[in-house]
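Trainee: Next comes input.txt, compact mmCIF, C-alpha atoms:
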```txt
# COMPACT_ATOMS: atom_id res chain seq x y z
CA MET A 1 -35.29 -47.80 36.91
CA ASP A 2 -34.69 -47.74 40.65
CA LEU A 3 -30.95 -47.28 41.05
CA GLY A 4 -31.08 -48.28 44.71
CA LEU A 5 -29.57 -44.97 45.85
CA ALA A 6 -32.11 -44.10 48.54
CA ASP A 7 -30.32 -43.28 51.82
CA ARG A 8 -26.90 -44.27 50.50
CA VAL A 9 -24.00 -41.95 51.29
CA TYR A 10 -21.19 -40.84 49.02
CA VAL A 11 -18.12 -38.65 49.33
CA LEU A 12 -17.34 -36.44 46.33
CA THR A 13 -14.11 -34.48 46.06
CA GLY A 14 -13.70 -31.39 43.90
CA ALA A 15 -17.47 -31.21 43.89
CA SER A 16 -18.34 -27.58 44.52
CA ASP A 17 -18.93 -27.23 40.77
CA GLY A 18 -18.30 -28.96 37.46
CA LEU A 19 -18.61 -32.71 37.02
CA GLY A 20 -18.41 -33.48 40.73
CA PHE A 21 -21.29 -31.16 41.54
CA ALA A 22 -23.32 -32.48 38.60
CA THR A 23 -22.91 -35.99 39.99
CA ALA A 24 -23.85 -34.85 43.49
CA GLU A 25 -27.05 -33.34 42.08
CA GLN A 26 -28.01 -36.64 40.44
CA LEU A 27 -27.21 -38.68 43.55
CA VAL A 28 -29.29 -36.40 45.78
CA ALA A 29 -32.16 -36.37 43.27
CA ASP A 30 -32.29 -40.17 43.55
CA GLY A 31 -32.36 -40.12 47.35
CA ALA A 32 -28.69 -40.39 48.27
CA ARG A 33 -26.85 -38.08 50.66
CA VAL A 34 -23.46 -36.62 49.96
CA VAL A 35 -20.34 -35.16 51.54
CA ILE A 36 -18.69 -32.77 49.12
CA SER A 37 -15.29 -31.16 49.35
CA SER A 38 -13.36 -28.40 47.63
CA ARG A 39 -10.59 -25.96 48.48
CA ALA A 40 -12.81 -22.83 48.36
CA PRO A 41 -15.06 -22.50 51.46
CA GLU A 42 -17.51 -20.08 49.86
CA ARG A 43 -18.05 -22.41 46.90
CA VAL A 44 -18.52 -25.39 49.20
CA ALA A 45 -21.18 -23.50 51.17
CA ALA A 46 -23.01 -22.44 48.01
CA ALA A 47 -22.97 -26.00 46.65
CA VAL A 48 -24.34 -27.45 49.90
CA GLU A 49 -27.19 -24.93 49.84
CA ALA A 50 -27.95 -25.75 46.20
CA LEU A 51 -28.10 -29.46 47.09
CA GLY A 52 -30.72 -28.87 49.76
CA GLY A 53 -28.76 -28.30 52.94
CA PRO A 54 -27.63 -30.63 55.73
CA GLU A 55 -30.44 -33.16 55.33
CA HIS A 56 -29.03 -33.99 51.91
CA ALA A 57 -25.47 -32.67 51.82
CA ILE A 58 -22.64 -31.37 53.94
CA GLY A 59 -19.39 -29.82 52.81
CA LEU A 60 -15.77 -29.73 53.91
CA THR A 61 -13.08 -27.32 52.85
CA ALA A 62 -10.29 -29.72 52.00
CA ASP A 63 -7.25 -30.21 49.80
CA LEU A 64 -6.28 -33.65 48.48
CA THR A 65 -2.60 -32.84 48.97
CA ASP A 66 -3.25 -33.03 52.73
CA PRO A 67 -2.71 -36.66 53.82
CA GLY A 68 -5.43 -36.27 56.45
CA THR A 69 -8.17 -35.28 53.99
CA PRO A 70 -9.45 -38.77 53.06
CA GLU A 71 -9.92 -39.81 56.70
CA ARG A 72 -11.70 -36.51 57.41
CA LEU A 73 -14.13 -37.16 54.56
CA VAL A 74 -14.83 -40.73 55.67
CA ALA A 75 -15.36 -39.59 59.26
CA ALA A 76 -17.69 -36.77 58.19
CA ALA A 77 -19.89 -39.17 56.23
CA ARG A 78 -20.21 -41.55 59.14
CA GLU A 79 -20.75 -38.85 61.76
CA GLN A 80 -23.37 -36.94 59.76
CA PHE A 81 -25.17 -39.76 57.97
CA GLY A 82 -24.12 -42.94 59.76
CA ARG A 83 -22.65 -44.82 56.81
CA LEU A 84 -20.52 -44.67 53.68
CA ASP A 85 -21.25 -46.35 50.36
CA GLY A 86 -18.65 -44.94 48.00
CA ALA A 87 -16.92 -41.95 46.49
CA LEU A 88 -16.39 -39.96 43.33
CA ILE A 89 -12.83 -38.67 43.23
CA SER A 90 -12.22 -35.63 41.07
CA VAL A 91 -9.52 -32.96 41.06
CA GLY A 92 -9.16 -29.75 39.12
CA GLY A 93 -7.50 -29.78 35.73
CA PRO A 94 -3.69 -29.47 35.86
CA PRO A 95 -1.80 -26.61 34.16
CA ARG A 96 -1.86 -26.47 30.36
CA GLY A 97 1.31 -27.05 28.39
CA THR A 98 3.14 -29.83 26.61
CA ALA A 99 5.12 -32.39 28.58
CA ALA A 100 8.33 -30.59 27.65
CA GLN A 101 7.03 -27.14 28.59
CA ILE A 102 5.82 -28.06 32.07
CA THR A 103 8.33 -27.22 34.80
CA ASP A 104 9.57 -29.65 37.41
CA GLU A 105 7.65 -27.75 40.07
CA GLN A 106 4.40 -28.01 38.08
CA TRP A 107 4.97 -31.73 37.61
CA ARG A 108 5.59 -32.22 41.35
CA GLU A 109 2.56 -30.17 42.39
CA SER A 110 0.31 -31.95 39.92
CA PHE A 111 1.60 -35.34 40.99
CA GLU A 112 0.77 -34.52 44.61
CA THR A 113 -2.75 -33.38 43.74
CA VAL A 114 -3.88 -35.21 40.62
CA PHE A 115 -2.11 -38.53 41.22
CA LEU A 116 -1.11 -39.14 44.83
CA GLY A 117 -4.09 -37.27 46.30
CA SER A 118 -6.46 -39.38 44.21
CA VAL A 119 -4.69 -42.66 45.01
CA ARG A 120 -4.64 -41.89 48.73
CA THR A 121 -8.35 -41.05 48.75
CA ALA A 122 -9.32 -44.11 46.71
CA ARG A 123 -7.42 -46.56 48.91
CA THR A 124 -8.70 -44.93 52.12
CA VAL A 125 -12.31 -45.10 50.98
CA ALA A 126 -11.89 -48.64 49.65
CA ALA A 127 -10.59 -49.82 53.00
CA ALA A 128 -13.50 -48.09 54.76
CA LEU A 129 -16.16 -49.80 52.62
CA THR A 130 -16.35 -52.89 54.78
CA GLY A 131 -19.89 -53.59 53.58
CA GLY A 132 -19.06 -53.06 49.91
CA GLY A 133 -19.61 -50.04 47.71
CA ALA A 134 -18.27 -48.20 44.68
CA ILE A 135 -15.54 -45.72 43.83
CA GLY A 136 -15.34 -43.68 40.65
CA LEU A 137 -12.27 -41.76 39.49
CA VAL A 138 -12.96 -38.81 37.19
CA LEU A 139 -10.11 -38.93 34.69
CA SER A 140 -10.11 -37.88 31.01
CA THR A 141 -10.16 -39.27 27.50
CA SER A 142 -6.39 -38.66 27.70
CA VAL A 143 -6.31 -42.11 29.34
CA ARG A 144 -6.80 -43.60 25.86
CA GLY A 145 -5.23 -40.94 23.65
CA PRO A 146 -3.01 -37.91 24.37
CA LEU A 147 -4.64 -34.50 24.11
CA PRO A 148 -2.68 -31.64 22.50
CA GLY A 149 -1.23 -29.18 25.00
CA LEU A 150 -2.20 -31.19 28.09
CA GLY A 151 1.04 -32.95 28.91
CA ILE A 152 0.37 -33.47 32.61
CA SER A 153 -3.03 -35.00 31.96
CA ASN A 154 -1.50 -37.22 29.27
CA GLY A 155 1.16 -38.34 31.73
CA LEU A 156 -0.79 -38.85 34.95
CA ARG A 157 -4.33 -39.85 33.98
CA PRO A 158 -3.40 -43.17 32.32
CA GLY A 159 -1.48 -44.12 35.46
CA LEU A 160 -4.55 -43.46 37.57
CA ALA A 161 -6.62 -45.72 35.33
CA GLY A 162 -4.07 -48.45 36.01
CA VAL A 163 -4.32 -47.82 39.74
CA ALA A 164 -8.12 -48.04 39.53
CA LYS A 165 -7.86 -51.42 37.81
CA ASP A 166 -5.42 -52.64 40.47
CA LEU A 167 -7.75 -51.51 43.26
CA ALA A 168 -10.70 -53.18 41.53
CA ASP A 169 -8.80 -56.47 41.58
CA GLU A 170 -7.73 -56.11 45.21
CA TYR A 171 -11.03 -54.96 46.69
CA GLY A 172 -13.44 -56.84 44.43
CA PRO A 173 -13.56 -59.83 46.81
CA HIS A 174 -14.75 -57.40 49.49
CA GLY A 175 -17.64 -56.17 47.35
CA VAL A 176 -15.97 -52.88 46.42
CA ARG A 177 -16.18 -51.81 42.78
CA VAL A 178 -13.75 -49.29 41.22
CA VAL A 179 -14.29 -47.62 37.84
CA SER A 180 -12.67 -44.82 35.85
CA LEU A 181 -14.80 -42.25 34.05
CA LEU A 182 -13.35 -40.56 30.98
CA PRO A 183 -15.15 -37.27 30.26
CA GLY A 184 -14.55 -35.73 26.89
CA ARG A 185 -15.66 -32.24 25.90
CA ILE A 186 -18.22 -31.23 28.52
CA MET A 187 -19.06 -27.58 29.11
CA THR A 188 -17.46 -27.04 32.50
CA ALA A 189 -15.44 -24.02 33.59
CA ARG A 190 -12.31 -25.99 32.68
CA ASN A 191 -13.47 -26.48 29.10
CA ARG A 192 -14.56 -22.87 28.81
CA ASP A 193 -11.04 -21.88 29.84
CA LEU A 194 -9.52 -24.22 27.27
CA LEU A 195 -11.71 -22.78 24.54
CA ALA A 196 -10.87 -19.23 25.59
CA ALA A 197 -7.15 -20.03 25.53
CA ALA A 198 -7.45 -20.89 21.84
CA GLY A 199 -7.82 -17.18 21.04
CA ASP A 200 -11.09 -17.54 19.09
CA PRO A 201 -13.50 -19.39 21.40
CA GLU A 202 -16.34 -19.67 18.88
CA ARG A 203 -14.09 -21.14 16.22
CA ALA A 204 -12.48 -23.46 18.76
CA ARG A 205 -15.91 -24.66 19.89
CA ALA A 206 -17.03 -25.27 16.30
CA GLU A 207 -13.88 -27.27 15.61
CA ALA A 208 -14.33 -29.28 18.80
CA GLU A 209 -17.96 -30.06 17.98
CA ALA A 210 -17.00 -31.11 14.46
CA SER A 211 -14.77 -33.81 15.95
CA ILE A 212 -17.58 -35.26 18.10
CA PRO A 213 -19.97 -37.71 16.40
CA LEU A 214 -22.93 -36.33 18.36
CA GLY A 215 -22.00 -32.89 17.06
CA ARG A 216 -22.04 -31.01 20.34
CA ILE A 217 -20.22 -30.44 23.60
CA GLY A 218 -21.82 -32.31 26.48
CA ASP A 219 -23.73 -30.97 29.44
CA PRO A 220 -22.42 -31.70 32.97
CA ALA A 221 -25.74 -33.34 33.90
CA GLU A 222 -25.15 -35.94 31.18
CA PHE A 223 -21.92 -36.92 32.89
CA GLY A 224 -23.56 -36.81 36.32
CA ARG A 225 -26.23 -39.31 35.34
CA VAL A 226 -23.65 -41.80 34.08
CA ALA A 227 -21.51 -41.38 37.21
CA ALA A 228 -24.52 -41.76 39.54
CA PHE A 229 -25.51 -44.98 37.78
CA LEU A 230 -22.00 -46.44 38.01
CA LEU A 231 -21.83 -45.62 41.74
CA SER A 232 -25.25 -47.13 42.36
CA PRO A 233 -26.17 -50.74 43.23
CA ALA A 234 -27.82 -50.96 39.79
CA ALA A 235 -24.30 -51.20 38.32
CA GLY A 236 -23.33 -53.92 40.79
CA TYR A 237 -21.52 -56.11 38.22
CA VAL A 238 -19.45 -53.32 36.67
CA THR A 239 -15.90 -52.85 37.93
CA GLY A 240 -12.33 -52.40 36.72
CA VAL A 241 -13.34 -50.61 33.51
CA THR A 242 -12.85 -47.21 31.89
CA VAL A 243 -16.10 -45.60 30.75
CA PRO A 244 -15.94 -42.75 28.22
CA VAL A 245 -18.56 -40.02 28.43
CA ASP A 246 -17.49 -38.16 25.32
CA GLY A 247 -20.21 -38.12 22.66
CA GLY A 248 -18.31 -40.76 20.70
CA ALA A 249 -15.12 -38.73 20.24
CA LEU A 250 -12.74 -41.57 21.12
CA ARG A 251 -12.09 -43.69 18.04
CA GLY A 252 -11.03 -46.90 19.78
CA LEU A 253 -13.56 -49.68 20.24
```
What do you get writing this file as structure tokens?
Mentor:
Amino acid sequence: MDLGLADRVYVLTGASDGLGFATAEQLVADGARVVISSRAPERVAAAVEALGGPEHAIGLTADLTDPGTPERLVAAAREQFGRLDGALISVGGPPRGTAAQITDEQWRESFETVFLGSVRTARTVAAALTGGGAIGLVLSTSVRGPLPGLGISNGLRPGLAGVAKDLADEYGPHGVRVVSLLPGRIMTARNRDLLAAAGDPERARAEAEASIPLGRIGDPAEFGRVAAFLLSPAAGYVTGVTVPVDGGALRGL
């Protein structure tokens, strides 16, 4: 299937590795060009090189807590590639701990990054997509069911899914689609850390895989392919939904 991605341009935050980078790889492989951002300059540079250099990708060192970051990303896409067709908005996983264990400072910092930074970027990109386009928010299966020991994710991710639905309603008449992606257990650095924190990583992995109908933890490329499709014109009638990429782990219909 031709996804219609040739020469389209996307901004991807938190994309120097993990799910953001996996999506960037799929977009570039199908002919799109990308602007990626992350807080670590050396990781941004390495990711740009891995994506094929400035003909295919450029990178910015940026932090979503900075109110100027979204405009910088939009401007970079237009200056380097002459257009903008959408974005994948992802941020690093917040601190572990139950809702009661997390300190006020951790809640505030996570709100600024995970919630407000994502909302600010989504609304800035949506307003910039005057010719239509697509925005994907990388959230978590915690949108549909709380995850043990991840109180901040359980608190903030469902709110972001609500924001995405609201934006889909507001910008739909302008041809802008907004979707939420709900990754489950996918073998990123974040999930490796969560397994390691369990004390016995091999046992923790076996228990996690036993709870997944497909019987395994996912590969980042599997998420990237779904995200690339949803951002592409081929998914042009899909908006305002949450899409799990979790091997069937969520039990709701």
Trainee: Name all residues at most 9 Å from Pro233 of chain A (count only C-alpha atoms; drop same-chain ones fewer than 2 positions away) and give them as a ChimeraX atom specification.
Mentor: /A:3-5,133-134,229-231,235-237
Trainee: Atom CA of Tyr10 of chain A and atom CA of Ala126 of chain A, how far apart in Å?
Mentor: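 Taking atom CA of Ala126 of chain A as the start and atom CA of Tyr10 of chain A as the end point, the length is 12.2 Å.
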Trainee: Select, from A:Arg192, A:Asp66, A:Ile102, A:Ala249, the residue with the minimum atom-to-atom distance to Gly145 of chain A, counting all atoms listed in the file.
Mentor: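 Using all atoms listed in the file, Gly145 of chain A sits closest to A:Ala249.
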Trainee: Skipping near chain neighbours, those fewer than 3 positions away, what residues fall within 7 Å of segment 29-45 of chain A using only C-alpha atoms, listed as a list in words?
Mentor: Leu5, Ala6, Asp7, Arg8, Val9, Tyr10, Val11, Leu12, Thr13, Gly14, Ala15, Ser16, Ala24, Glu25, Gln26, Val48, Glu49, His56, Ala57, Ile58, Gly59, Leu60, Thr61, Ala62, Asp63 and Ala77 of chain A
Trainee: Please, what is the axis-aligned box for every listed atom of segment 113-124 of chain A with 8 Å on each side, as centre and edge lengths in Å to one decimal, as lines of an AutoDock Vina configuration file?
Mentor:
```
center_x = -5.2
center_y = -40.0
center_z = 46.4
size_x = 24.2
size_y = 29.2
size_z = 27.5
```
Trainee: Leaving out segment 135-138 of chain A and any residue of its chain fewer than 3 positions from it, which residues lie within 6 Å of it when counting all atoms listed in the file, given as a ChimeraX atom specification?
Mentor: /A:86-90,178-181
Trainee: Can I get the selection written as a PDB file, in the coordinates of the input, with C-alpha atoms?
Mentor:
```pdb
ATOM      1  CA  GLY A  86     -18.650 -44.940  48.000  1.00  0.00           C
ATOM      2  CA  ALA A  87     -16.920 -41.950  46.490  1.00  0.00           C
ATOM      3  CA  LEU A  88     -16.390 -39.960  43.330  1.00  0.00           C
ATOM      4  CA  ILE A  89     -12.830 -38.670  43.230  1.00  0.00           C
ATOM      5  CA  SER A  90     -12.220 -35.630  41.070  1.00  0.00           C
ATOM      6  CA  VAL A 178     -13.750 -49.290  41.220  1.00  0.00           C
ATOM      7  CA  VAL A 179     -14.290 -47.620  37.840  1.00  0.00           C
ATOM      8  CA  SER A 180     -12.670 -44.820  35.850  1.00  0.00           C
ATOM      9  CA  LEU A 181     -14.800 -42.250  34.050  1.00  0.00           C
TER      10      LEU A 181
END
```
Trainee: Which residue out of A:Thr188, A:Thr65, A:Thr141, A:Thr130 has the minimum interatomic distance to Arg108 of chain A when all atoms listed in the file are used?
Mentor: A:Thr65
Trainee: Excluding Gly224 of chain A and its own-chain neighbours fewer than 2 positions away, which residues fall within 10 Å of it when counting only C-alpha atoms? Please give them as number ranges by chain.
Mentor: A: 18-27, 219-222, 226-230, 245
Trainee: To one decimal place in Å, what is the distance between atom CA of Met187 of chain A and atom CA of Arg251 of chain A?
Mentor: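 Going from atom CA of Met187 of chain A over to atom CA of Arg251 of chain A, I get 20.8 Å.
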Trainee: Suppose you want the space between atom CA of Glu209 of chain A and atom CA of Gly247 of chain A; what is it in Å?
Mentor: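 We find that atom CA of Glu209 of chain A and atom CA of Gly247 of chain A lie 9.6 Å from each other.
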Trainee: Go through A:Val91, A:Ala128, A:Ala122, A:Ala198 and flag the residue nearest Ala75 of chain A, using only C-alpha atoms for the distances.
Mentor: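 Looking at the shortest contact to Ala75 of chain A, the residue is A:Ala128.
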Trainee: Check the smallest atom-to-atom distance from each of A:Val243, A:Ile186, A:Val125, A:Ala99 to Leu147 of chain A using all atoms listed in the file, then report the winner.
Mentor: A:Ala99
Trainee: Counting all atoms listed in the file, which residues come within 10 Å of (-1.1, -35.4, 31.2), with the point read in the file's coordinates, and could you list them as a list of chain:residue names?
Mentor: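 The residues that fall inside the cut-off are A:Gly93, A:Pro94, A:Pro95, A:Arg96, A:Gly97, A:Thr98, A:Ala99, A:Trp107, A:Ser110, A:Val114, A:Ser140, A:Ser142, A:Val143, A:Pro146, A:Leu147, A:Pro148, A:Gly149, A:Leu150, A:Gly151, A:Ile152, A:Ser153, A:Asn154, A:Gly155, A:Leu156, A:Arg157, A:Pro158, A:Gly159.
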Trainee: Rank nothing, just name the residue among A:Ala189, A:Val241, A:Val28, A:Leu129 nearest to Asp166 of chain A, using only C-alpha atoms.
Mentor: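 Checking each candidate against Asp166 of chain A, we get A:Val241 as the closest.
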Trainee: Measuring atom to atom with all atoms listed in the file, identify which of A:Leu73, A:Ala197, A:Ile212, A:Ala204 is nearest to Arg185 of chain A.
Mentor: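 That would be A:Ile212, the residue with the smallest distance to Arg185 of chain A.
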